[in-house]
file structure_32.cif (mmCIF, C-alpha atoms)
data_upload
#
loop_
_atom_site.label_atom_id
_atom_site.label_comp_id
_atom_site.auth_asym_id
_atom_site.auth_seq_id
_atom_site.Cartn_x
_atom_site.Cartn_y
_atom_site.Cartn_z
CA MET O 1 -39.25 51.04 -71.29
CA LEU O 2 -35.54 50.50 -71.85
CA LYS O 3 -33.32 53.54 -71.43
CA PRO O 4 -29.84 54.45 -72.73
CA GLY O 5 -27.27 52.12 -71.23
CA ASP O 6 -29.58 49.11 -70.90
CA PRO O 7 -28.59 45.96 -72.79
CA ALA O 8 -30.98 45.28 -75.68
CA PRO O 9 -32.97 42.04 -75.35
CA PRO O 10 -31.99 39.68 -78.17
CA PHE O 11 -34.52 38.36 -80.66
CA ASP O 12 -34.84 35.83 -83.42
CA LEU O 13 -38.24 36.24 -85.06
CA GLU O 14 -40.06 35.73 -88.33
CA CYS O 15 -40.27 38.81 -90.45
CA ALA O 16 -41.53 40.08 -93.77
CA LEU O 17 -38.69 41.25 -95.97
CA ASP O 18 -38.83 42.17 -99.64
CA GLY O 19 -42.16 40.39 -100.07
CA ARG O 20 -41.03 37.13 -98.48
CA VAL O 21 -41.07 35.49 -95.07
CA ALA O 22 -37.59 35.48 -93.51
CA ARG O 23 -36.00 35.30 -90.08
CA CYS O 24 -34.33 38.15 -88.34
CA SER O 25 -31.92 37.72 -85.44
CA LEU O 26 -30.30 40.58 -83.58
CA ALA O 27 -27.19 38.46 -83.13
CA LYS O 28 -26.76 38.18 -86.89
CA ILE O 29 -26.99 41.88 -87.63
CA SER O 30 -23.53 43.25 -88.22
CA THR O 31 -24.13 46.95 -88.73
CA GLU O 32 -22.66 49.53 -86.37
CA LEU O 33 -26.08 50.71 -85.19
CA VAL O 34 -29.50 49.09 -85.16
CA LEU O 35 -32.65 51.18 -85.28
CA ILE O 36 -35.70 49.36 -83.94
CA PHE O 37 -39.02 51.10 -84.21
CA PHE O 38 -42.17 49.65 -82.67
CA TYR O 39 -45.54 50.61 -84.12
CA PRO O 40 -49.09 49.71 -83.01
CA ARG O 41 -50.70 47.86 -85.90
CA ASP O 42 -50.51 47.04 -89.58
CA PHE O 43 -53.35 48.49 -91.62
CA SER O 44 -53.80 51.73 -89.79
CA PHE O 45 -53.69 55.36 -90.84
CA ILE O 46 -50.64 56.69 -89.03
CA CYS O 47 -48.27 53.76 -89.10
CA PRO O 48 -48.01 53.67 -92.91
CA THR O 49 -46.49 57.14 -92.94
CA GLU O 50 -43.75 55.90 -90.63
CA VAL O 51 -43.22 52.51 -92.24
CA ALA O 52 -43.12 54.07 -95.68
CA GLY O 53 -41.06 56.99 -94.40
CA PHE O 54 -38.32 54.74 -92.99
CA ASN O 55 -38.40 52.76 -96.23
CA LYS O 56 -37.95 55.92 -98.27
CA ALA O 57 -35.01 56.99 -96.11
CA LEU O 58 -33.53 53.49 -95.91
CA LYS O 59 -30.54 54.31 -98.08
CA ASP O 60 -29.63 57.21 -95.79
CA PHE O 61 -29.71 54.88 -92.78
CA ILE O 62 -27.64 52.26 -94.61
CA ASP O 63 -25.13 54.98 -95.46
CA GLU O 64 -24.90 55.58 -91.72
CA ALA O 65 -24.18 51.85 -91.11
CA THR O 66 -27.55 51.49 -89.45
CA ALA O 67 -29.98 48.58 -89.85
CA VAL O 68 -33.64 49.49 -89.70
CA ILE O 69 -36.18 47.10 -88.16
CA GLY O 70 -39.92 47.58 -87.66
CA VAL O 71 -41.87 45.59 -85.06
CA SER O 72 -45.56 45.20 -84.29
CA ILE O 73 -47.78 42.54 -82.72
CA ASP O 74 -49.20 41.55 -86.12
CA ASN O 75 -48.31 38.18 -87.63
CA VAL O 76 -45.99 37.75 -90.55
CA ASP O 77 -48.82 37.21 -93.09
CA SER O 78 -50.28 40.53 -92.10
CA HIS O 79 -46.86 42.16 -92.45
CA LEU O 80 -46.50 40.69 -95.95
CA ARG O 81 -49.88 42.03 -97.07
CA TRP O 82 -49.27 45.35 -95.36
CA ALA O 83 -45.86 45.74 -96.99
CA ARG O 84 -47.44 44.93 -100.37
CA GLU O 85 -50.14 47.51 -99.69
CA LEU O 86 -47.42 50.11 -99.09
CA GLY O 87 -45.66 49.25 -102.34
CA GLY O 88 -42.93 47.12 -100.75
CA VAL O 89 -40.74 47.49 -97.67
CA ALA O 90 -37.02 46.76 -98.01
CA TYR O 91 -36.22 46.32 -94.30
CA PRO O 92 -37.51 43.59 -91.96
CA LEU O 93 -40.93 43.95 -90.35
CA LEU O 94 -40.75 41.67 -87.33
CA ALA O 95 -43.81 39.66 -86.34
CA ASP O 96 -44.31 39.59 -82.57
CA PRO O 97 -47.90 38.30 -82.24
CA ASP O 98 -47.36 37.17 -78.63
CA GLY O 99 -45.91 40.56 -77.75
CA ASP O 100 -42.86 39.01 -76.07
CA LEU O 101 -40.33 41.30 -77.73
CA VAL O 102 -42.60 44.31 -77.25
CA ARG O 103 -42.80 43.53 -73.52
CA ALA O 104 -39.05 42.85 -73.31
CA TYR O 105 -38.43 46.39 -74.50
CA GLY O 106 -41.08 47.64 -72.09
CA VAL O 107 -43.29 49.20 -74.74
CA PHE O 108 -46.49 47.12 -74.52
CA ASP O 109 -49.62 49.23 -74.11
CA ASP O 110 -51.80 47.16 -71.77
CA ASP O 111 -54.94 49.18 -72.52
CA GLU O 112 -54.78 48.98 -76.31
CA LYS O 113 -52.94 45.63 -76.42
CA VAL O 114 -50.49 46.99 -78.99
CA ALA O 115 -46.90 48.22 -79.08
CA LEU O 116 -46.29 51.84 -78.21
CA ARG O 117 -44.87 54.04 -80.91
CA ALA O 118 -41.35 53.64 -79.53
CA THR O 119 -37.89 53.95 -81.08
CA PHE O 120 -34.59 52.45 -79.92
CA ILE O 121 -31.11 52.83 -81.32
CA LEU O 122 -28.61 50.16 -80.33
CA ASN O 123 -24.84 50.53 -80.54
CA ARG O 124 -22.25 47.98 -81.61
CA LYS O 125 -22.41 46.29 -78.19
CA ARG O 126 -26.15 46.15 -78.64
CA ASN O 127 -26.81 48.42 -75.75
CA VAL O 128 -29.50 51.02 -76.00
CA VAL O 129 -28.03 54.44 -76.82
CA PHE O 130 -31.30 56.18 -77.58
CA SER O 131 -34.94 55.52 -76.70
CA SER O 132 -38.10 57.52 -77.12
CA SER O 133 -41.83 57.01 -77.50
CA CYS O 134 -44.66 59.02 -79.02
CA PRO O 135 -48.38 58.99 -78.24
CA LEU O 136 -50.22 56.36 -80.31
CA ASN O 137 -51.84 59.09 -82.39
CA VAL O 138 -48.63 60.95 -83.24
CA GLY O 139 -46.26 59.72 -85.92
CA ARG O 140 -42.51 59.90 -85.54
CA SER O 141 -40.17 62.09 -87.55
CA VAL O 142 -37.98 59.99 -89.80
CA SER O 143 -35.66 62.92 -90.48
CA GLU O 144 -35.24 63.58 -86.75
CA THR O 145 -34.42 59.90 -86.19
CA LEU O 146 -31.85 60.08 -88.97
CA ARG O 147 -30.38 63.23 -87.41
CA ILE O 148 -29.99 61.42 -84.09
CA VAL O 149 -28.34 58.43 -85.79
CA ARG O 150 -25.88 60.78 -87.49
CA ALA O 151 -25.23 62.61 -84.25
CA ILE O 152 -24.58 59.36 -82.36
CA ARG O 153 -22.18 58.18 -85.03
CA THR O 154 -20.02 61.28 -84.70
CA GLY O 155 -19.10 60.22 -81.18
CA GLN O 156 -18.85 63.94 -80.43
CA LEU O 157 -20.78 66.30 -78.18
CA CYS O 158 -23.59 67.50 -80.40
CA PRO O 159 -25.44 70.69 -79.41
CA ALA O 160 -29.20 71.03 -79.71
CA ASP O 161 -30.48 70.72 -83.26
CA TRP O 162 -27.07 69.61 -84.40
CA LYS O 163 -26.85 68.45 -87.97
CA PRO O 164 -23.93 67.57 -90.27
CA GLY O 165 -21.86 70.65 -90.97
CA VAL O 166 -22.61 72.28 -87.62
CA GLU O 167 -19.74 72.69 -85.20
CA PHE O 168 -19.40 70.15 -82.39
CA GLY O 169 -19.35 71.09 -78.76
CA PRO O 170 -16.14 71.33 -76.69
CA THR O 171 -14.29 68.08 -76.28
CA ASP O 172 -13.46 68.61 -72.61
CA GLY O 173 -16.93 67.58 -71.61
CA LYS O 174 -17.86 71.02 -70.20
CA PHE O 175 -21.00 71.33 -72.24
CA MET U 1 -84.22 38.08 -105.80
CA ALA U 2 -86.60 40.60 -104.27
CA SER U 3 -85.39 44.12 -104.85
CA VAL U 4 -85.36 46.63 -102.02
CA ASP U 5 -86.01 50.27 -102.80
CA PRO U 6 -83.78 52.08 -100.27
CA ALA U 7 -85.74 55.34 -100.58
CA LYS U 8 -89.04 53.60 -99.84
CA LYS U 9 -87.49 51.61 -97.02
CA ARG U 10 -86.04 54.80 -95.54
CA GLN U 11 -89.46 56.47 -95.70
CA LEU U 12 -90.95 53.46 -93.95
CA PHE U 13 -88.34 53.62 -91.19
CA GLU U 14 -88.94 57.34 -90.75
CA ARG U 15 -92.68 56.71 -90.43
CA LEU U 16 -92.06 53.88 -88.02
CA SER U 17 -89.95 56.21 -85.90
CA SER U 18 -93.26 57.92 -84.98
CA ILE U 19 -94.55 54.66 -83.54
CA ARG U 20 -93.12 55.57 -80.14
CA GLU U 21 -95.22 58.76 -80.04
CA ILE U 22 -98.32 56.93 -81.33
CA VAL U 23 -98.15 54.03 -78.88
CA PHE U 24 -97.17 56.26 -75.97
CA GLY U 25 -99.83 58.85 -76.81
CA VAL U 26 -102.72 56.38 -77.32
CA GLN U 27 -101.78 54.38 -74.26
CA ASP U 28 -101.45 57.47 -72.09
CA GLY U 29 -104.68 58.96 -73.45
CA VAL U 30 -106.66 55.78 -72.78
CA LEU U 31 -105.11 55.13 -69.36
CA THR U 32 -105.27 58.70 -68.10
CA THR U 33 -108.86 59.21 -69.16
CA ALA U 34 -110.01 55.82 -67.90
CA GLY U 35 -108.22 56.53 -64.65
CA VAL U 36 -109.87 59.95 -64.36
CA LEU U 37 -113.29 58.44 -65.09
CA CYS U 38 -112.79 55.67 -62.53
CA GLY U 39 -111.39 58.01 -59.92
CA LEU U 40 -114.11 60.64 -60.34
CA SER U 41 -116.85 58.01 -60.50
CA GLY U 42 -115.71 56.87 -57.11
CA ALA U 43 -115.60 60.38 -55.69
CA VAL U 44 -118.37 62.28 -57.56
CA SER U 45 -121.90 60.98 -57.99
CA GLN U 46 -123.08 63.23 -60.86
CA HIS U 47 -122.51 61.72 -64.32
CA SER U 48 -122.25 65.04 -66.22
CA GLN U 49 -119.68 66.44 -63.79
CA VAL U 50 -117.51 63.39 -64.23
CA ALA U 51 -117.76 63.66 -68.03
CA LEU U 52 -116.96 67.38 -67.97
CA ALA U 53 -113.95 66.89 -65.72
CA ALA U 54 -112.72 64.06 -67.96
CA LEU U 55 -113.10 66.30 -71.03
CA ALA U 56 -111.07 69.04 -69.37
CA SER U 57 -108.45 66.50 -68.33
CA THR U 58 -108.30 65.20 -71.93
CA ALA U 59 -107.73 68.67 -73.41
CA ALA U 60 -105.06 69.51 -70.84
CA GLY U 61 -103.44 66.10 -71.24
CA ALA U 62 -103.27 66.29 -75.04
CA LEU U 63 -101.71 69.76 -74.97
CA SER U 64 -99.30 68.80 -72.24
CA MET U 65 -98.20 65.62 -74.01
CA ALA U 66 -97.79 67.43 -77.34
CA ALA U 67 -95.73 70.18 -75.74
CA GLY U 68 -93.68 67.62 -73.82
CA ALA U 69 -92.94 65.57 -76.91
CA TYR U 70 -92.03 68.71 -78.90
CA LEU U 71 -89.72 70.10 -76.22
CA GLY U 72 -88.16 66.72 -75.53
CA ALA U 73 -87.41 66.04 -79.20
CA ARG U 74 -86.13 69.58 -79.71
CA ALA U 75 -83.82 69.40 -76.68
CA GLU U 76 -82.51 66.03 -77.82
CA LYS U 77 -81.86 67.34 -81.31
CA GLU U 78 -80.09 70.48 -80.11
CA VAL U 79 -77.86 68.67 -77.66
CA LEU U 80 -76.94 66.07 -80.28
CA ARG U 81 -76.31 68.79 -82.86
CA ALA U 82 -73.94 70.62 -80.50
CA GLU U 83 -72.06 67.41 -79.72
CA LEU U 84 -71.92 66.53 -83.40
CA ASP U 85 -70.47 69.95 -84.25
CA LEU U 86 -67.68 69.36 -81.74
CA VAL U 87 -66.98 65.93 -83.20
CA ARG U 88 -66.94 67.31 -86.76
CA ALA U 89 -64.58 70.14 -85.82
CA ASP U 90 -62.26 67.61 -84.20
CA ALA U 91 -62.49 65.35 -87.25
CA ALA U 92 -61.66 68.22 -89.62
CA GLU U 93 -58.58 69.03 -87.55
CA LYS U 94 -57.45 65.42 -87.05
CA PRO U 95 -58.97 63.25 -89.80
CA TYR U 96 -56.92 60.22 -88.77
CA THR U 97 -58.88 60.04 -85.51
CA VAL U 98 -62.04 59.45 -87.56
CA GLN U 99 -60.28 56.95 -89.80
CA GLU U 100 -58.79 55.03 -86.87
CA GLY U 101 -62.05 55.15 -84.91
CA LEU U 102 -64.11 53.87 -87.83
CA LEU U 103 -61.51 51.20 -88.53
CA ASP U 104 -61.78 49.98 -84.93
CA GLU U 105 -65.58 49.92 -85.07
CA LEU U 106 -65.66 47.96 -88.32
CA THR U 107 -63.14 45.52 -86.86
CA LYS U 108 -65.30 45.07 -83.75
CA GLU U 109 -68.29 44.37 -86.00
CA GLY U 110 -66.49 41.48 -87.63
CA LEU U 111 -64.44 42.77 -90.57
CA SER U 112 -60.80 41.76 -90.63
CA ARG U 113 -58.45 44.66 -89.95
CA GLU U 114 -57.19 44.52 -93.52
CA VAL U 115 -60.67 44.66 -95.06
CA ALA U 116 -61.75 47.37 -92.64
CA TYR U 117 -58.68 49.37 -93.58
CA ARG U 118 -59.54 49.13 -97.27
CA VAL U 119 -63.15 50.13 -96.61
CA VAL U 120 -62.08 53.18 -94.60
CA ARG U 121 -59.53 54.10 -97.24
CA LEU U 122 -62.20 53.97 -99.91
CA LEU U 123 -64.55 56.05 -97.78
CA SER U 124 -61.74 58.53 -97.20
CA THR U 125 -61.84 59.46 -100.88
CA ALA U 126 -65.15 61.20 -100.10
CA PRO U 127 -64.68 63.00 -96.76
CA LYS U 128 -68.41 63.67 -96.31
CA VAL U 129 -69.23 59.99 -96.69
CA LEU U 130 -66.42 59.10 -94.29
CA THR U 131 -67.75 61.54 -91.70
CA SER U 132 -71.38 60.46 -91.95
CA THR U 133 -70.42 56.77 -91.81
CA ALA U 134 -68.16 57.39 -88.84
CA GLU U 135 -70.93 59.31 -87.04
CA ALA U 136 -73.33 56.43 -87.52
CA LYS U 137 -70.86 53.70 -86.63
CA MET U 138 -68.82 55.38 -83.90
CA PHE U 139 -71.45 57.46 -82.15
CA GLY U 140 -74.69 55.76 -83.20
CA LEU U 141 -75.91 59.05 -84.62
CA GLY U 142 -78.39 59.12 -87.45
CA GLY U 143 -81.71 57.99 -86.01
CA PRO U 144 -82.11 60.69 -83.37
CA MET U 145 -80.96 63.34 -85.85
CA THR U 146 -83.93 62.58 -88.11
CA SER U 147 -86.47 63.32 -85.39
CA LYS U 148 -88.80 66.22 -86.17
CA PRO U 149 -89.86 67.98 -82.96
CA ALA U 150 -93.00 69.64 -84.45
CA LEU U 151 -94.19 66.39 -86.03
CA ASP U 152 -93.41 64.43 -82.87
CA GLY U 153 -95.46 66.90 -80.81
CA LEU U 154 -98.39 66.83 -83.24
CA VAL U 155 -98.42 63.03 -83.45
CA MET U 156 -98.23 62.72 -79.67
CA GLY U 157 -101.09 65.20 -79.13
CA ILE U 158 -103.38 63.55 -81.69
CA ALA U 159 -102.54 60.07 -80.40
CA PHE U 160 -103.44 61.16 -76.87
CA LEU U 161 -106.77 62.59 -78.09
CA VAL U 162 -107.58 59.43 -80.01
CA GLY U 163 -106.77 57.36 -76.96
CA ALA U 164 -108.79 59.60 -74.66
CA VAL U 165 -111.89 59.38 -76.85
CA VAL U 166 -112.01 55.61 -76.38
CA PRO U 167 -113.22 55.53 -72.75
CA LEU U 168 -114.79 58.99 -72.94
CA LEU U 169 -117.21 58.31 -75.78
CA PRO U 170 -118.99 55.28 -74.28
CA TYR U 171 -119.07 57.02 -70.91
CA MET U 172 -120.81 60.04 -72.41
CA LEU U 173 -123.20 58.00 -74.54
CA ILE U 174 -124.27 55.56 -71.80
CA THR U 175 -125.96 57.46 -69.01
CA VAL U 176 -127.05 54.49 -66.91
CA PRO U 177 -125.00 54.41 -63.66
CA ARG U 178 -122.41 51.61 -63.48
CA TYR U 179 -123.01 50.74 -67.15
CA ASP U 180 -121.36 54.04 -68.17
CA LEU U 181 -118.14 53.12 -66.41
CA GLY U 182 -118.42 49.52 -67.55
CA GLY U 183 -118.70 50.65 -71.18
CA ALA U 184 -115.71 52.96 -70.78
CA LEU U 185 -113.60 50.25 -69.19
CA GLY U 186 -114.66 47.69 -71.78
CA ALA U 187 -113.65 49.98 -74.64
CA THR U 188 -110.43 50.80 -72.79
CA ALA U 189 -109.60 47.15 -72.34
CA LEU U 190 -110.25 46.35 -75.99
CA THR U 191 -108.23 49.32 -77.21
CA LEU U 192 -105.25 48.64 -74.97
CA PHE U 193 -105.27 45.02 -75.97
CA GLY U 194 -105.42 46.20 -79.60
CA VAL U 195 -102.48 48.59 -79.13
CA GLY U 196 -100.40 45.83 -77.57
CA TYR U 197 -101.35 43.42 -80.33
CA PHE U 198 -100.58 46.07 -82.99
CA GLU U 199 -97.16 46.72 -81.46
CA GLY U 200 -96.43 43.00 -81.52
CA TRP U 201 -97.54 42.84 -85.15
CA LEU U 202 -95.27 45.75 -86.11
CA ALA U 203 -92.33 44.10 -84.37
CA HIS U 204 -93.08 40.85 -86.27
CA ARG U 205 -93.39 39.05 -82.95
CA GLY U 206 -95.06 35.67 -82.61
CA ASP U 207 -96.50 36.41 -79.17
CA ARG U 208 -98.87 39.22 -80.20
CA TRP U 209 -101.57 37.97 -77.83
CA ARG U 210 -99.19 38.20 -74.91
CA SER U 211 -98.19 41.71 -75.97
CA GLY U 212 -101.89 42.66 -76.06
CA MET U 213 -102.53 41.04 -72.66
CA ARG U 214 -99.59 42.91 -71.12
CA PHE U 215 -101.10 46.25 -72.14
CA LEU U 216 -104.46 45.11 -70.86
CA VAL U 217 -103.19 44.05 -67.44
CA ILE U 218 -101.28 47.28 -66.95
CA ALA U 219 -104.33 49.31 -67.93
CA MET U 220 -106.69 47.44 -65.68
CA SER U 221 -104.25 47.72 -62.78
CA ALA U 222 -103.98 51.48 -63.26
CA ALA U 223 -107.74 51.86 -63.59
CA ALA U 224 -108.41 49.76 -60.50
CA ALA U 225 -105.85 51.73 -58.51
CA GLY U 226 -107.42 55.00 -59.68
CA TYR U 227 -110.88 53.85 -58.64
CA LEU U 228 -109.65 52.75 -55.21
CA ILE U 229 -107.86 56.04 -54.65
CA GLY U 230 -111.05 57.88 -55.65
CA LEU U 231 -113.03 55.83 -53.15
CA ALA U 232 -110.43 56.53 -50.49
CA ILE U 233 -110.51 60.31 -50.93
CA SER U 234 -114.28 60.64 -51.40
CA PRO U 235 -114.85 61.24 -47.65
CA LEU U 236 -112.56 64.28 -47.96
CA GLY U 237 -114.87 65.74 -50.66
CA ALA U 238 -117.91 65.13 -48.46
CA ALA U 239 -116.17 66.77 -45.49
CA ALA U 240 -115.17 69.82 -47.60
CA GLY U 241 -118.75 70.15 -48.92
#
call {"tool": "encode", "arguments": {"input": "structure_32.cif", "output": "structure tokens"}}
result
Amino acid sequence: MLKPGDPAPPFDLECALDGRVARCSLAKISTELVLIFFYPRDFSFICPTEVAGFNKALKDFIDEATAVIGVSIDNVDSHLRWARELGGVAYPLLADPDGDLVRAYGVFDDDEKVALRATFILNRKRNVVFSSSCPLNVGRSVSETLRIVRAIRTGQLCPADWKPGVEFGPTDGKF
Amino acid sequence: MASVDPAKKRQLFERLSSIREIVFGVQDGVLTTAGVLCGLSGAVSQHSQVALAALASTAAGALSMAAGAYLGARAEKEVLRAELDLVRADAAEKPYTVQEGLLDELTKEGLSREVAYRVVRLLSTAPKVLTSTAEAKMFGLGGPMTSKPALDGLVMGIAFLVGAVVPLLPYMLITVPRYDLGGALGATALTLFGVGYFEGWLAHRGDRWRSGMRFLVIAMSAAAAGYLIGLAISPLGAAAG
């Protein structure tokens, strides 16, 4: 699994976006940060809470100059139907049926043959600045992910449980 | 289109679930008693003593088989119940594990993931239905839980008695040496063939004759072995006397 500091593998894949098939290329994303979250499968009972949760909070991420991208090993048709099932998803759901991108980020579960529930945040240089993964049966916290995005964007030393409005740490690096 | 009454079909399946006890009991009753008759006929010369010993063996065998079937079914039911309680507690705490597990099973059985998802979602609107479906699909529970230990024991005991009467009755009625055992073995052979044939008929198999012959061969082998063992140990009885 990629760790902070690693360069993010590029991609140019089909995706479902706003009810249509589109293409999504990392090179063409211009936002300051890119949030990529991998999830195991479409049509499951944990993933929808995350996919829908990120969709609900999409405006907050956009306000933080962050593009949100979901990835699973399902094909684009499945993504389209899944997005429709969830009432629409306004960010790209990347189709990676061969699992190449999932493997490139080091989050392929060989036992279950699905992507781990992993999250990456890439900076402007498209290096990884944050990475984490959850057990397959535990959903991620969208609000915690948003908090981390906000903390990264401050460029400051952020103490534990930092959130906007809370004082930053010392700037001399003696944290 | 022929209509199927699920309640009647369920009753039929429940009755058929006793077939194991019936076949096992009859077969064991016939074989054990025929074996005892053959063995004792080889070792003991007096007809009435052989018949008496076979009667005692039949009574003990029927009680033993009934008790064994009862205790076995009861143990199975209790162990399954305990396991099921654990699964249900886990499901109540983490319902998504049941949903995901059932979804996987339905997918393995041939539904597309999307259709399976919709089915599980529909079932999730009635948690009890979701749980019972998941138990059947994920753990194969359902059949064993319907077993009735007391009924199983009773059926097994009666089946053993019915089976035991088959060789015993001709042996008791025919008092001519050699013919008594011949009558018992003849009745045994016919009955075992009949049980095998009946089993084949119940299973809608085409090779019912083969099924009957299989039972017959096994029975005759056991009877012949019993007789030979009786012959082999008869010198011991003479030495003890």
call {"tool": "resolve_selection", "arguments": {"input": "structure_32.cif", "expression": "the PyMOL selection byres ((chain O) within 9 of (chain U))", "output": "PyMOL selection string"}}
result
chain O and resi 42-46+78+81-82+137
call {"tool": "resolve_selection", "arguments": {"input": "structure_32.cif", "expression": "the PyMOL selection byres ((chain U and resi 186-195) around 7)", "output": "list in words"}}
result
Val23, Gln27, Val30, Val166, Pro167, Gly182, Gly183, Ala184, Leu185, Gly196, Tyr197, Phe198, Glu199, Gly212, Met213, Phe215 and Leu216 of chain U
call {"tool": "atom_distance", "arguments": {"input": "structure_32.cif", "atom1": "atom CA of O:Asp60", "atom2": "atom CA of O:Gly87"}}
result
19.1 Å
call {"tool": "axis_aligned_box", "arguments": {"input": "structure_32.cif", "around": "stretch 29-38 of chain O", "padding_each_side": "6 Å", "output": "JSON"}}
result
{"center_x": -32.4, "center_y": 46.5, "center_z": -85.7, "size_x": 31.5, "size_y": 21.3, "size_z": 18.1}
call {"tool": "closest_residue", "arguments": {"input": "structure_32.cif", "among": "O:Gly99, O:Gly139, O:Gly106, O:Pro9", "to": "O:Pro48", "atoms": "all atoms listed in the file"}}
result
O:Gly139
call {"tool": "atom_distance", "arguments": {"input": "structure_32.cif", "atom1": "atom CA of O:Asp98", "atom2": "atom CA of O:Asn75"}}
result
9.1 Å
call {"tool": "atom_distance", "arguments": {"input": "structure_32.cif", "atom1": "atom CA of U:Gly68", "atom2": "atom CA of U:Ala82"}}
result
21.1 Å
call {"tool": "resolve_selection", "arguments": {"input": "structure_32.cif", "expression": "the PyMOL selection byres ((chain O and resi 160-166) around 12)", "output": "list in words"}}
result
Ser143, Glu144, Thr145, Leu146, Arg147, Ile148, Val149, Arg150, Ala151, Ile152, Arg153, Thr154, Gln156, Leu157, Cys158, Pro159, Glu167, Phe168, Gly169 and Phe175 of chain O
call {"tool": "residues_around", "arguments": {"input": "structure_32.cif", "residues": "U:Gly153", "least_positions_apart": "4", "cutoff": "7 Å", "atoms": "all atoms listed in the file", "output": "PDB file with C-alpha atoms, in the coordinates of the input"}}
result
ATOM      1  CA  ALA U  66     -97.790  67.430 -77.340  1.00  0.00           C
ATOM      2  CA  ALA U  67     -95.730  70.180 -75.740  1.00  0.00           C
ATOM      3  CA  ALA U  69     -92.940  65.570 -76.910  1.00  0.00           C
ATOM      4  CA  TYR U  70     -92.030  68.710 -78.900  1.00  0.00           C
ATOM      5  CA  PRO U 149     -89.860  67.980 -82.960  1.00  0.00           C
ATOM      6  CA  GLY U 157    -101.090  65.200 -79.130  1.00  0.00           C
TER       7      GLY U 157
END
call {"tool": "closest_residue", "arguments": {"input": "structure_32.cif", "among": "U:Val165, U:Val79, U:Gly39, U:Val129", "to": "U:Leu55", "atoms": "all atoms listed in the file"}}
result
U:Val165
call {"tool": "residues_around", "arguments": {"input": "structure_32.cif", "residues": "O:Lys56", "least_positions_apart": "3", "cutoff": "12 Å", "atoms": "only C-alpha atoms", "output": "ChimeraX atom specification"}}
result
/O:48-53,59-62,68,86-91,142-143,146
call {"tool": "residues_near_point", "arguments": {"input": "structure_32.cif", "point": "(-109.1, 58.6, -79.0)", "cutoff": "10 Å", "atoms": "only C-alpha atoms", "output": "ChimeraX atom specification"}}
result
/U:25-27,29-30,33,58,158-169,191
